[in-house]
There are 2 protein chains.
Amino acid sequence: MTIKRPRTRRKLGRRTVSELVVVRLILYRRILRDLAFSGTRYVFSHQLAILADVTPEQLRRDLMNVRYEGSPTRGYEVVALEERIGAFLDPPTTQSVALVGVGNLGRALFAYFLGRRPLLQIVAAFDIDPAKVDRMINGCPSYHISEARTVMRDKGINVAMIAVPAAAAQSVADILVEAGVRSLLNFADVRLRLPPDVYVEHIDIGVTLEKVAFFARRPVAAAKDVGPA
Amino acid sequence: MTIKRPRTRRKLGRRTVSELVVVRLILYRRILRDLAFSGTRYVFSHQLAILADVTPEQLRRDLMNVRYEGSPTRGYEVVALEERIGAFLDPPTTQSVALVGVGNLGRALFAYFLGRRPLLQIVAAFDIDPAKVDRMINGCPSYHISEARTVMRDKGINVAMIAVPAAAAQSVADILVEAGVRSLLNFADVRLRLPPDVYVEHIDIGVTLEKVAFFARRPVAAAKDVGPA
DNA sequence: GCGGCGCTGTGAAACGCATAACAGCGTTCT
DNA sequence: AGAACGCTGTTATGCGTTTCACAGCGCCGC
Ligand SMILES: NC(=O)c1ccc[n+]([C@@H]2O[C@H](COP(=O)([O-])OP(=O)(O)OC[C@H]3O[C@@H](n4cnc5c(N)ncnc54)[C@H](O)[C@@H]3O)[C@@H](O)[C@H]2O)c1
Ligand SMILES: NC(=O)c1ccc[n+]([C@@H]2O[C@H](COP(=O)([O-])OP(=O)(O)OC[C@H]3O[C@@H](n4cnc5c(N)ncnc54)[C@H](O)[C@@H]3O)[C@@H](O)[C@H]2O)c1
């Protein structure tokens with residue numbers, strides 16, 4: 001959903017990997033986990049590609065980045081590939097995440113991330129409402145936003161999600177960045193303006209729904225890939 | 001956040017407009033609304049561009065698609081441009097939307113869309129849990145998923161949001177499509193496999209948070225646009 | 001009144017990404 | 001055993017989008 005900003009890249013060895021590749025690798029990894037869970041041992045590029053909704057060529061190309069080689073006859077070994085992608089994606093240690101804004105969306109996010117992703121844990125919530133502060137929310141302490149700096153430092157948090165009203169989002173973001181957060185996921189419907197060394201991703205549900213509604217009215221897609229004669 | 005699928009396009013006159021342009025137009029329009037609300041009458045491309053986090057060139061190029069001409073000296077007239085974009089984006093009549101899955105996320109979405117966007121209204125909720133069915137949720141009736149076909153037809157719904165567990169998402173999507181839905185916004189973390197004439201957009205919050213966390217660890221971006229000498 | 005400025009609209013170039021095409025090779029079937 | 005198949009890794013091609021660059025022009029100041 002996101003707009004411009006010079007594409008952030010990250011080096012692996014001497015290669016450089018685009019954001020789009022990173023996103024797809026994350027997706028592949030999740031699918032591989034599901035496959036492993038269901039007992040699948042080997043998988044071909046075209047099978048994985050269907051599950052990820054990409055072309056097999058793109059999948060193979062993406063896999064070049066993590067230096068994992070499959071067998072032409074067996075395909076890819078599920079757990080080995082999953083681990084190889086993990087070695088590229090995962091942090092050396094568990095990453096701590098903060099969530100700012102314990103409203104409707106914030107609480108839903110809490111419920112969602114509970115127990116998933118052991119390497120990515122929400123360890124602090126922030127709000128400005130006295131009624132929501134200094135309590136436990138899903139087993140996680142909530143603080144007043146004014147304590148951001150202290151808490152971030154003590155818990156080593158460098159990632160945050162913003163789920164506050166649009167009017168408050170920019171000021172909250174500024175506080176977070178000042179408190180040492182390097183990377184933000186923003187749900188409020190305002191584009192945040194931040195220093196270029198801070199990574200920001202916007203999830204703009206309102207815009208996305210409008211987009212979906214817009215394309216519900218489009219002329220029928222040129223279905224060029226319907227079945228063979 | 002979304003992956004591939006041949007870009008959906010839509011004709012305007014004899015031109016064709018890409019998804020990316022549509023998204024940005026939606027965004028511009030929202031910003032213009034805010035500007036109008038705050039009393040601004042004229043705006044230059046570089047000002048609007050900052051608010052939208054795009055380059056002025058891209059903004060102007062996007063505006064070519066809606067055939068609105070600004071004045072070199074005054075810039076764009078806020079309300080006129082807003083209306084012109086609206087004429088391109090908006091449906092001839094109010095569009096009805098369904099929401100499937102009245103769990104944590106579903107309820108948050110309800111709260112969020114309440115009263116916004118008069119042209120885009122949630123008019124029906126669906127669930128499978130007897131406790132959540134046949135009641136009013138934020139002034140909107142909820143039905144058992146088995147009634148989908150009837151309700152969709154009666155209310156003329158062709159857009160739906162999916163907020164059910166991943167395991168149920170594909171079957172729910174199939175039901176919706178069969179009931180006449182043309183366009184879907186899916187929050188469950190599975191890629192839906194649907195006929196090519198159905199438009200699907202995925203909002204994959206888990207993947208997005210992983211992405212954000214990944215780039216929190218990146219080398220500092222090459223800040224090439226820092227201030228002048 | 002005229003020159004210069006700064007903005008818009010747009011053609012042309014550059015870039016990044018996806019798609020297509022192909023070489024290598026282990027397996028399997030004849 | 002030999003040949004043919006199918007899948008992988010990789011190089012090359014094409015396309016869509018963004019960025020650059022500039023022509024046109026109304027206004028403002030001199
Ligand atoms: N609810 C949704 O499904 C949804 C969907 C899309 C976008 N959003 C966006 O997410 C944001 C939150 O939505 P919501 O529905 O949870 O709203 P909400 O009103 O339920 O919750 C907002 C929370 O932020 C807190 N808050 C306000 N100002 C703050 C500040 N300065 N510092 C810290 N906390 C502050 C409030 O006390 C409240 O708890 C909004 O910007 C909304 O546009 C929500
Ligand atoms: N909560 C979040 O913030 C969040 C974030 C990202 C993604 N998601 C995804 O959104 C989906 C919903 O999340 P949630 O937190 O609201 O879960 P939830 O368990 O709170 O709600 C799911 C709802 O779907 C209903 N349901 C189950 N099967 C159904 C079916 N076949 N037909 C109709 N309704 C059915 C359940 O009765 C329940 O009300 C999940 O796929 C989740 O992965 C949620």
# chains A, B, ... in the order shown; residues from 1 in each chain; ligands from 1
>>> residues_around(residues="C:DC17", least_positions_apart="4", cutoff="12 Å", atoms="only C-alpha atoms (C1' of nucleotides)", output="list in words")
Val17, Ser18, Glu19, Leu20, Val21, Gln58, Arg61 and Asp62 of chain A; Lys4 of chain B; DG14, DC15, DG16 and DT17 of chain D
>>> write_last_selection(atoms="all heavy atoms", output="short mmCIF file (atom, residue, chain, number, x, y, z; two decimals), in the first residue's frame")
data_model
loop_
_atom_site.label_atom_id
_atom_site.label_comp_id
_atom_site.auth_asym_id
_atom_site.auth_seq_id
_atom_site.Cartn_x
_atom_site.Cartn_y
_atom_site.Cartn_z
N VAL A 17 19.34 -6.38 -1.62
CA VAL A 17 18.03 -7.01 -1.75
C VAL A 17 16.94 -5.96 -1.62
O VAL A 17 16.95 -5.15 -0.70
CB VAL A 17 17.86 -8.08 -0.65
CG1 VAL A 17 16.48 -8.66 -0.69
CG2 VAL A 17 18.91 -9.17 -0.83
N SER A 18 15.99 -6.00 -2.52
CA SER A 18 14.94 -4.98 -2.50
C SER A 18 13.86 -5.32 -1.49
O SER A 18 13.71 -6.46 -1.06
CB SER A 18 14.31 -4.83 -3.88
OG SER A 18 13.29 -5.76 -4.06
N GLU A 19 13.10 -4.30 -1.12
CA GLU A 19 12.00 -4.50 -0.18
C GLU A 19 11.04 -5.58 -0.66
O GLU A 19 10.56 -6.39 0.13
CB GLU A 19 11.21 -3.20 -0.03
CG GLU A 19 11.90 -2.16 0.81
CD GLU A 19 10.95 -1.03 1.14
OE1 GLU A 19 9.78 -1.31 1.45
OE2 GLU A 19 11.38 0.14 1.07
N LEU A 20 10.77 -5.56 -1.94
CA LEU A 20 9.81 -6.52 -2.46
C LEU A 20 10.28 -7.94 -2.24
O LEU A 20 9.50 -8.83 -1.91
CB LEU A 20 9.60 -6.31 -3.96
CG LEU A 20 9.09 -4.97 -4.48
CD1 LEU A 20 7.93 -5.20 -5.42
CD2 LEU A 20 8.70 -4.03 -3.39
N VAL A 21 11.56 -8.16 -2.43
CA VAL A 21 12.11 -9.49 -2.21
C VAL A 21 11.99 -9.88 -0.74
O VAL A 21 11.59 -11.00 -0.42
CB VAL A 21 13.58 -9.56 -2.66
CG1 VAL A 21 14.18 -10.90 -2.32
CG2 VAL A 21 13.68 -9.29 -4.16
N GLN A 58 9.90 -16.18 -10.51
CA GLN A 58 10.18 -15.17 -9.50
C GLN A 58 10.60 -15.81 -8.19
O GLN A 58 11.50 -15.34 -7.52
CB GLN A 58 8.95 -14.31 -9.27
CG GLN A 58 9.22 -13.22 -8.26
CD GLN A 58 8.32 -12.04 -8.46
OE1 GLN A 58 7.15 -12.09 -8.16
NE2 GLN A 58 8.88 -10.98 -8.98
N ARG A 61 14.11 -16.90 -8.52
CA ARG A 61 14.97 -15.72 -8.50
C ARG A 61 15.13 -15.18 -7.08
O ARG A 61 16.22 -14.81 -6.66
CB ARG A 61 14.36 -14.66 -9.41
CG ARG A 61 15.02 -13.32 -9.33
CD ARG A 61 14.60 -12.46 -10.49
NE ARG A 61 15.29 -12.86 -11.70
CZ ARG A 61 16.46 -12.33 -12.07
NH1 ARG A 61 17.03 -11.43 -11.31
NH2 ARG A 61 17.04 -12.71 -13.16
N ASP A 62 14.04 -15.13 -6.33
CA ASP A 62 14.11 -14.65 -4.96
C ASP A 62 15.03 -15.55 -4.13
O ASP A 62 15.81 -15.07 -3.30
CB ASP A 62 12.71 -14.64 -4.33
CG ASP A 62 11.82 -13.55 -4.92
OD1 ASP A 62 12.37 -12.58 -5.46
OD2 ASP A 62 10.59 -13.69 -4.84
N LYS B 4 1.84 -10.38 -6.79
CA LYS B 4 1.92 -10.17 -8.21
C LYS B 4 0.59 -9.96 -8.94
O LYS B 4 0.00 -8.92 -8.85
CB LYS B 4 2.70 -11.29 -8.85
CG LYS B 4 4.16 -10.98 -8.86
CD LYS B 4 4.43 -9.56 -9.36
CE LYS B 4 3.62 -9.01 -10.49
NZ LYS B 4 3.36 -9.69 -11.58
P DG D 14 13.28 -7.94 -26.34
OP1 DG D 14 12.64 -8.45 -27.55
OP2 DG D 14 14.27 -6.84 -26.39
"O5'" DG D 14 12.14 -7.54 -25.32
"C5'" DG D 14 11.31 -8.54 -24.75
"C4'" DG D 14 10.42 -7.91 -23.71
"O4'" DG D 14 11.20 -7.66 -22.51
"C3'" DG D 14 9.83 -6.57 -24.14
"O3'" DG D 14 8.43 -6.67 -23.99
"C2'" DG D 14 10.49 -5.54 -23.20
"C1'" DG D 14 10.91 -6.38 -22.00
N9 DG D 14 12.12 -5.93 -21.32
C8 DG D 14 13.33 -5.62 -21.89
N7 DG D 14 14.24 -5.28 -21.00
C5 DG D 14 13.58 -5.36 -19.78
C6 DG D 14 14.05 -5.11 -18.47
O6 DG D 14 15.18 -4.75 -18.12
N1 DG D 14 13.06 -5.33 -17.52
C2 DG D 14 11.77 -5.73 -17.80
N2 DG D 14 10.97 -5.88 -16.76
N3 DG D 14 11.32 -5.98 -19.02
C4 DG D 14 12.27 -5.77 -19.95
P DC D 15 7.46 -5.49 -24.34
OP1 DC D 15 6.31 -6.08 -25.06
OP2 DC D 15 8.27 -4.40 -24.93
"O5'" DC D 15 6.94 -5.01 -22.92
"C5'" DC D 15 6.81 -5.95 -21.85
"C4'" DC D 15 6.52 -5.19 -20.58
"O4'" DC D 15 7.76 -4.84 -19.91
"C3'" DC D 15 5.77 -3.88 -20.79
"O3'" DC D 15 4.76 -3.81 -19.82
"C2'" DC D 15 6.85 -2.82 -20.63
"C1'" DC D 15 7.78 -3.46 -19.61
N1 DC D 15 9.20 -3.03 -19.65
C2 DC D 15 9.88 -2.82 -18.45
O2 DC D 15 9.29 -2.98 -17.39
N3 DC D 15 11.18 -2.44 -18.49
C4 DC D 15 11.80 -2.29 -19.66
N4 DC D 15 13.08 -1.93 -19.65
C5 DC D 15 11.12 -2.49 -20.89
C6 DC D 15 9.83 -2.86 -20.85
P DG D 16 3.57 -2.77 -19.94
OP1 DG D 16 2.30 -3.53 -19.96
OP2 DG D 16 3.89 -1.79 -21.01
"O5'" DG D 16 3.69 -2.04 -18.53
"C5'" DG D 16 3.97 -2.82 -17.37
"C4'" DG D 16 4.41 -1.93 -16.24
"O4'" DG D 16 5.81 -1.57 -16.41
"C3'" DG D 16 3.66 -0.61 -16.14
"O3'" DG D 16 3.42 -0.37 -14.77
"C2'" DG D 16 4.63 0.40 -16.77
"C1'" DG D 16 5.97 -0.17 -16.38
N9 DG D 16 7.08 0.12 -17.29
C8 DG D 16 7.06 0.15 -18.67
N7 DG D 16 8.22 0.42 -19.20
C5 DG D 16 9.06 0.59 -18.11
C6 DG D 16 10.44 0.90 -18.05
O6 DG D 16 11.22 1.09 -18.99
N1 DG D 16 10.91 0.99 -16.74
C2 DG D 16 10.12 0.79 -15.62
N2 DG D 16 10.74 0.92 -14.45
N3 DG D 16 8.83 0.49 -15.65
C4 DG D 16 8.37 0.41 -16.92
P DT D 17 2.51 0.78 -14.27
OP1 DT D 17 1.41 0.10 -13.59
OP2 DT D 17 2.25 1.69 -15.40
"O5'" DT D 17 3.37 1.57 -13.20
"C5'" DT D 17 4.45 0.93 -12.55
"C4'" DT D 17 5.58 1.88 -12.31
"O4'" DT D 17 6.39 2.02 -13.51
"C3'" DT D 17 5.17 3.32 -11.94
"O3'" DT D 17 5.61 3.54 -10.62
"C2'" DT D 17 5.87 4.20 -12.96
"C1'" DT D 17 6.97 3.31 -13.49
N1 DT D 17 7.46 3.58 -14.87
C2 DT D 17 8.79 3.93 -15.06
O2 DT D 17 9.59 4.05 -14.14
N3 DT D 17 9.14 4.15 -16.36
C4 DT D 17 8.32 4.07 -17.47
O4 DT D 17 8.75 4.29 -18.60
C5 DT D 17 6.95 3.71 -17.20
C7 DT D 17 5.98 3.58 -18.33
C6 DT D 17 6.58 3.48 -15.93
#
>>> interface_residues(of="chain D", to="chain A", cutoff="10 Å", atoms="only C-alpha atoms (C1' of nucleotides)", output="PyMOL selection string")
chain D and resi 6-10+18
>>> residues_near_ligand(ligand="ligand 1", cutoff="6 Å", atoms="only C-alpha atoms (C1' of nucleotides) and all ligand atoms", output="PDB file with C-alpha atoms, in the first residue's frame")
ATOM      1  CA  VAL A 100       1.199   2.812  20.955  1.00  0.00           C
ATOM      2  CA  GLY A 101      -2.544   3.340  21.229  1.00  0.00           C
ATOM      3  CA  VAL A 102      -4.569   0.753  23.096  1.00  0.00           C
ATOM      4  CA  GLY A 103      -7.885   1.407  21.393  1.00  0.00           C
ATOM      5  CA  ASN A 104     -10.000  -0.849  19.245  1.00  0.00           C
ATOM      6  CA  LEU A 105      -7.282  -1.598  16.758  1.00  0.00           C
ATOM      7  CA  GLY A 106      -4.505  -1.751  19.325  1.00  0.00           C
ATOM      8  CA  PHE A 126       1.605   3.024  25.496  1.00  0.00           C
ATOM      9  CA  ASP A 127      -1.414   5.251  25.688  1.00  0.00           C
ATOM     10  CA  ILE A 128      -2.365   8.669  26.927  1.00  0.00           C
ATOM     11  CA  ASP A 129      -5.637   7.695  28.533  1.00  0.00           C
ATOM     12  CA  ILE A 145       3.402   7.822  26.572  1.00  0.00           C
ATOM     13  CA  ALA A 163      -2.509   2.877  16.461  1.00  0.00           C
ATOM     14  CA  VAL A 164      -3.547   6.274  17.738  1.00  0.00           C
ATOM     15  CA  PRO A 165      -5.945   8.778  16.128  1.00  0.00           C
ATOM     16  CA  ALA A 166      -4.574  10.466  13.038  1.00  0.00           C
ATOM     17  CA  ALA A 168      -1.925  12.416  17.334  1.00  0.00           C
ATOM     18  CA  VAL A 172       3.636  10.238  18.772  1.00  0.00           C
ATOM     19  CA  PHE A 187      -1.992   2.440  11.052  1.00  0.00           C
ATOM     20  CA  ALA A 188      -3.209   6.017  11.383  1.00  0.00           C
ATOM     21  CA  ASP A 189      -4.330   7.576   8.135  1.00  0.00           C
ATOM     22  CA  ILE A 205      -6.900   0.412   5.596  1.00  0.00           C
TER      23      ILE A 205
ATOM     24  CA  ALA B 108     -12.304  -2.796  15.255  1.00  0.00           C
ATOM     25  CA  LEU B 109     -12.997  -2.382  11.549  1.00  0.00           C
ATOM     26  CA  ALA B 111     -15.719   1.027  14.724  1.00  0.00           C
ATOM     27  CA  TYR B 112     -13.314   2.509  12.246  1.00  0.00           C
TER      28      TYR B 112
END
>>> closest_atom_pairs(of="chain C", to="chain A", cutoff="9 Å", atoms="only C-alpha atoms (C1' of nucleotides)", output="CSV")
residue,atom,partner,partner_atom,distance
C:DA18,C1',A:Gln58,CA,7.3
C:DT19,C1',A:Glu57,CA,8.0
C:DC25,C1',A:Pro72,CA,7.6
C:DG26,C1',A:Thr73,CA,6.6
C:DT27,C1',A:Thr73,CA,6.8
>>> write_last_selection(atoms="N, CA, C and O atoms (P, O5', C5', C4', C3', O3' and C1' of nucleotides)", output="JSON list (two decimals), in the first residue's frame")
[["chain", "number", "residue", "atom", "x", "y", "z"],
["C", 18, "DA", "P", 9.23, -7.73, -8.76],
["C", 18, "DA", "O5'", 8.81, -8.22, -10.22],
["C", 18, "DA", "C5'", 7.77, -7.54, -10.88],
["C", 18, "DA", "C4'", 7.51, -8.11, -12.25],
["C", 18, "DA", "C3'", 7.18, -9.59, -12.29],
["C", 18, "DA", "O3'", 6.19, -9.77, -13.28],
["C", 18, "DA", "C1'", 9.10, -9.18, -13.60],
["C", 19, "DT", "P", 5.67, -11.27, -13.58],
["C", 19, "DT", "O5'", 6.40, -11.64, -14.95],
["C", 19, "DT", "C5'", 6.28, -10.72, -16.02],
["C", 19, "DT", "C4'", 6.99, -11.28, -17.24],
["C", 19, "DT", "C3'", 6.74, -12.78, -17.47],
["C", 19, "DT", "O3'", 6.24, -12.93, -18.78],
["C", 19, "DT", "C1'", 9.09, -12.30, -17.47],
["C", 25, "DC", "P", 26.64, -29.61, -15.26],
["C", 25, "DC", "O5'", 25.53, -30.54, -14.56],
["C", 25, "DC", "C5'", 24.61, -29.98, -13.63],
["C", 25, "DC", "C4'", 23.51, -30.98, -13.34],
["C", 25, "DC", "C3'", 23.93, -32.44, -13.53],
["C", 25, "DC", "O3'", 23.43, -33.19, -12.45],
["C", 25, "DC", "C1'", 21.97, -32.03, -14.72],
["C", 26, "DG", "P", 24.41, -34.28, -11.75],
["C", 26, "DG", "O5'", 23.37, -35.19, -10.95],
["C", 26, "DG", "C5'", 22.52, -34.56, -10.00],
["C", 26, "DG", "C4'", 21.11, -35.13, -10.12],
["C", 26, "DG", "C3'", 21.03, -36.66, -10.02],
["C", 26, "DG", "O3'", 19.95, -36.98, -9.16],
["C", 26, "DG", "C1'", 20.02, -35.93, -12.05],
["C", 27, "DT", "P", 19.76, -38.46, -8.68],
["C", 27, "DT", "O5'", 18.50, -38.90, -9.54],
["C", 27, "DT", "C5'", 17.33, -38.09, -9.52],
["C", 27, "DT", "C4'", 16.35, -38.57, -10.57],
["C", 27, "DT", "C3'", 16.09, -40.08, -10.57],
["C", 27, "DT", "O3'", 14.72, -40.29, -10.32],
["C", 27, "DT", "C1'", 16.44, -39.26, -12.78]]
>>> select_by_dssp(residues="stretch 1-143 of chain B", states="helix (DSSP H, G or I)", output="ChimeraX atom specification")
/B:19-37,45-52,56-64,78-89,104-113,130-132
>>> select_by_dssp(residues="stretch 69-144 of chain B", states="strand (DSSP E or B)", output="ChimeraX atom specification")
/B:71,75-77,95-100,120-127,136-137,140-144
>>> closest_residue(among="A:Met161, A:Val23, A:Ala124, A:Lys132", to="ligand 2", atoms="only C-alpha atoms and all ligand atoms")
A:Met161
>>> atom_distance(atom1="atom CA of B:Arg41", atom2="atom CA of B:Arg67")
19.2 Å
>>> decode(residues="stretch 37-47 of chain A", atoms="all heavy atoms", output="PDB file, in the first residue's frame")
ATOM      1  N   PHE A  37       4.751 -28.147   8.991  1.00  0.00           N
ATOM      2  CA  PHE A  37       3.795 -28.555  10.023  1.00  0.00           C
ATOM      3  C   PHE A  37       2.879 -29.656   9.507  1.00  0.00           C
ATOM      4  O   PHE A  37       2.512 -30.577  10.231  1.00  0.00           O
ATOM      5  CB  PHE A  37       2.973 -27.351  10.461  1.00  0.00           C
ATOM      6  CG  PHE A  37       2.045 -27.653  11.593  1.00  0.00           C
ATOM      7  CD1 PHE A  37       2.524 -27.771  12.901  1.00  0.00           C
ATOM      8  CD2 PHE A  37       0.686 -27.820  11.357  1.00  0.00           C
ATOM      9  CE1 PHE A  37       1.666 -28.064  13.947  1.00  0.00           C
ATOM     10  CE2 PHE A  37      -0.180 -28.107  12.412  1.00  0.00           C
ATOM     11  CZ  PHE A  37       0.314 -28.233  13.704  1.00  0.00           C
ATOM     12  N   SER A  38       2.522 -29.576   8.261  1.00  0.00           N
ATOM     13  CA  SER A  38       1.618 -30.581   7.694  1.00  0.00           C
ATOM     14  C   SER A  38       2.382 -31.798   7.196  1.00  0.00           C
ATOM     15  O   SER A  38       1.809 -32.671   6.549  1.00  0.00           O
ATOM     16  CB  SER A  38       0.799 -29.958   6.555  1.00  0.00           C
ATOM     17  OG  SER A  38       1.610 -29.792   5.418  1.00  0.00           O
ATOM     18  N   GLY A  39       3.669 -31.855   7.445  1.00  0.00           N
ATOM     19  CA  GLY A  39       4.423 -33.059   7.143  1.00  0.00           C
ATOM     20  C   GLY A  39       5.072 -33.118   5.768  1.00  0.00           C
ATOM     21  O   GLY A  39       5.684 -34.118   5.417  1.00  0.00           O
ATOM     22  N   THR A  40       4.927 -32.073   4.984  1.00  0.00           N
ATOM     23  CA  THR A  40       5.551 -32.080   3.652  1.00  0.00           C
ATOM     24  C   THR A  40       7.067 -31.959   3.785  1.00  0.00           C
ATOM     25  O   THR A  40       7.558 -31.155   4.572  1.00  0.00           O
ATOM     26  CB  THR A  40       5.026 -30.901   2.819  1.00  0.00           C
ATOM     27  OG1 THR A  40       3.601 -30.914   2.853  1.00  0.00           O
ATOM     28  CG2 THR A  40       5.505 -31.004   1.384  1.00  0.00           C
ATOM     29  N   ARG A  41       7.792 -32.763   3.009  1.00  0.00           N
ATOM     30  CA  ARG A  41       9.249 -32.741   3.141  1.00  0.00           C
ATOM     31  C   ARG A  41       9.902 -32.015   1.965  1.00  0.00           C
ATOM     32  O   ARG A  41      10.892 -31.324   2.135  1.00  0.00           O
ATOM     33  CB  ARG A  41       9.794 -34.163   3.216  1.00  0.00           C
ATOM     34  CG  ARG A  41       8.970 -35.072   4.150  1.00  0.00           C
ATOM     35  CD  ARG A  41       9.812 -36.184   4.682  1.00  0.00           C
ATOM     36  NE  ARG A  41      10.843 -35.653   5.556  1.00  0.00           N
ATOM     37  CZ  ARG A  41      11.787 -36.398   6.129  1.00  0.00           C
ATOM     38  NH1 ARG A  41      11.849 -37.685   5.891  1.00  0.00           N
ATOM     39  NH2 ARG A  41      12.686 -35.845   6.919  1.00  0.00           N
ATOM     40  N   TYR A  42       9.369 -32.194   0.799  1.00  0.00           N
ATOM     41  CA  TYR A  42       9.953 -31.543  -0.368  1.00  0.00           C
ATOM     42  C   TYR A  42       8.885 -30.772  -1.122  1.00  0.00           C
ATOM     43  O   TYR A  42       7.707 -31.120  -1.107  1.00  0.00           O
ATOM     44  CB  TYR A  42      10.589 -32.583  -1.296  1.00  0.00           C
ATOM     45  CG  TYR A  42      11.801 -33.239  -0.708  1.00  0.00           C
ATOM     46  CD1 TYR A  42      11.681 -34.438  -0.007  1.00  0.00           C
ATOM     47  CD2 TYR A  42      13.053 -32.661  -0.845  1.00  0.00           C
ATOM     48  CE1 TYR A  42      12.798 -35.050   0.547  1.00  0.00           C
ATOM     49  CE2 TYR A  42      14.176 -33.252  -0.297  1.00  0.00           C
ATOM     50  CZ  TYR A  42      14.044 -34.446   0.398  1.00  0.00           C
ATOM     51  OH  TYR A  42      15.155 -35.030   0.941  1.00  0.00           O
ATOM     52  N   VAL A  43       9.331 -29.726  -1.805  1.00  0.00           N
ATOM     53  CA  VAL A  43       8.362 -28.922  -2.542  1.00  0.00           C
ATOM     54  C   VAL A  43       9.037 -28.346  -3.783  1.00  0.00           C
ATOM     55  O   VAL A  43      10.211 -27.965  -3.755  1.00  0.00           O
ATOM     56  CB  VAL A  43       7.799 -27.800  -1.637  1.00  0.00           C
ATOM     57  CG1 VAL A  43       8.881 -26.790  -1.278  1.00  0.00           C
ATOM     58  CG2 VAL A  43       6.634 -27.095  -2.313  1.00  0.00           C
ATOM     59  N   PHE A  44       8.317 -28.313  -4.883  1.00  0.00           N
ATOM     60  CA  PHE A  44       8.856 -27.744  -6.119  1.00  0.00           C
ATOM     61  C   PHE A  44       8.530 -26.262  -6.204  1.00  0.00           C
ATOM     62  O   PHE A  44       7.569 -25.788  -5.586  1.00  0.00           O
ATOM     63  CB  PHE A  44       8.274 -28.462  -7.342  1.00  0.00           C
ATOM     64  CG  PHE A  44       8.771 -29.860  -7.492  1.00  0.00           C
ATOM     65  CD1 PHE A  44       7.894 -30.941  -7.406  1.00  0.00           C
ATOM     66  CD2 PHE A  44      10.120 -30.115  -7.727  1.00  0.00           C
ATOM     67  CE1 PHE A  44       8.358 -32.243  -7.543  1.00  0.00           C
ATOM     68  CE2 PHE A  44      10.587 -31.408  -7.871  1.00  0.00           C
ATOM     69  CZ  PHE A  44       9.704 -32.476  -7.772  1.00  0.00           C
ATOM     70  N   SER A  45       9.297 -25.574  -7.014  1.00  0.00           N
ATOM     71  CA  SER A  45       9.099 -24.127  -7.105  1.00  0.00           C
ATOM     72  C   SER A  45       7.689 -23.789  -7.569  1.00  0.00           C
ATOM     73  O   SER A  45       7.095 -22.817  -7.115  1.00  0.00           O
ATOM     74  CB  SER A  45      10.131 -23.499  -8.038  1.00  0.00           C
ATOM     75  OG  SER A  45       9.907 -23.892  -9.369  1.00  0.00           O
ATOM     76  N   HIS A  46       7.140 -24.580  -8.472  1.00  0.00           N
ATOM     77  CA  HIS A  46       5.819 -24.198  -8.965  1.00  0.00           C
ATOM     78  C   HIS A  46       4.731 -24.417  -7.917  1.00  0.00           C
ATOM     79  O   HIS A  46       3.739 -23.710  -7.883  1.00  0.00           O
ATOM     80  CB  HIS A  46       5.493 -24.952 -10.264  1.00  0.00           C
ATOM     81  CG  HIS A  46       5.409 -26.433 -10.113  1.00  0.00           C
ATOM     82  ND1 HIS A  46       6.479 -27.258 -10.345  1.00  0.00           N
ATOM     83  CD2 HIS A  46       4.399 -27.237  -9.738  1.00  0.00           C
ATOM     84  CE1 HIS A  46       6.115 -28.518 -10.135  1.00  0.00           C
ATOM     85  NE2 HIS A  46       4.860 -28.528  -9.757  1.00  0.00           N
ATOM     86  N   GLN A  47       4.958 -25.376  -7.017  1.00  0.00           N
ATOM     87  CA  GLN A  47       3.966 -25.582  -5.954  1.00  0.00           C
ATOM     88  C   GLN A  47       4.003 -24.427  -4.955  1.00  0.00           C
ATOM     89  O   GLN A  47       2.976 -23.847  -4.605  1.00  0.00           O
ATOM     90  CB  GLN A  47       4.275 -26.900  -5.228  1.00  0.00           C
ATOM     91  CG  GLN A  47       4.256 -28.103  -6.142  1.00  0.00           C
ATOM     92  CD  GLN A  47       4.732 -29.364  -5.423  1.00  0.00           C
ATOM     93  OE1 GLN A  47       5.781 -29.388  -4.773  1.00  0.00           O
ATOM     94  NE2 GLN A  47       3.953 -30.434  -5.543  1.00  0.00           N
TER      95      GLN A  47
END
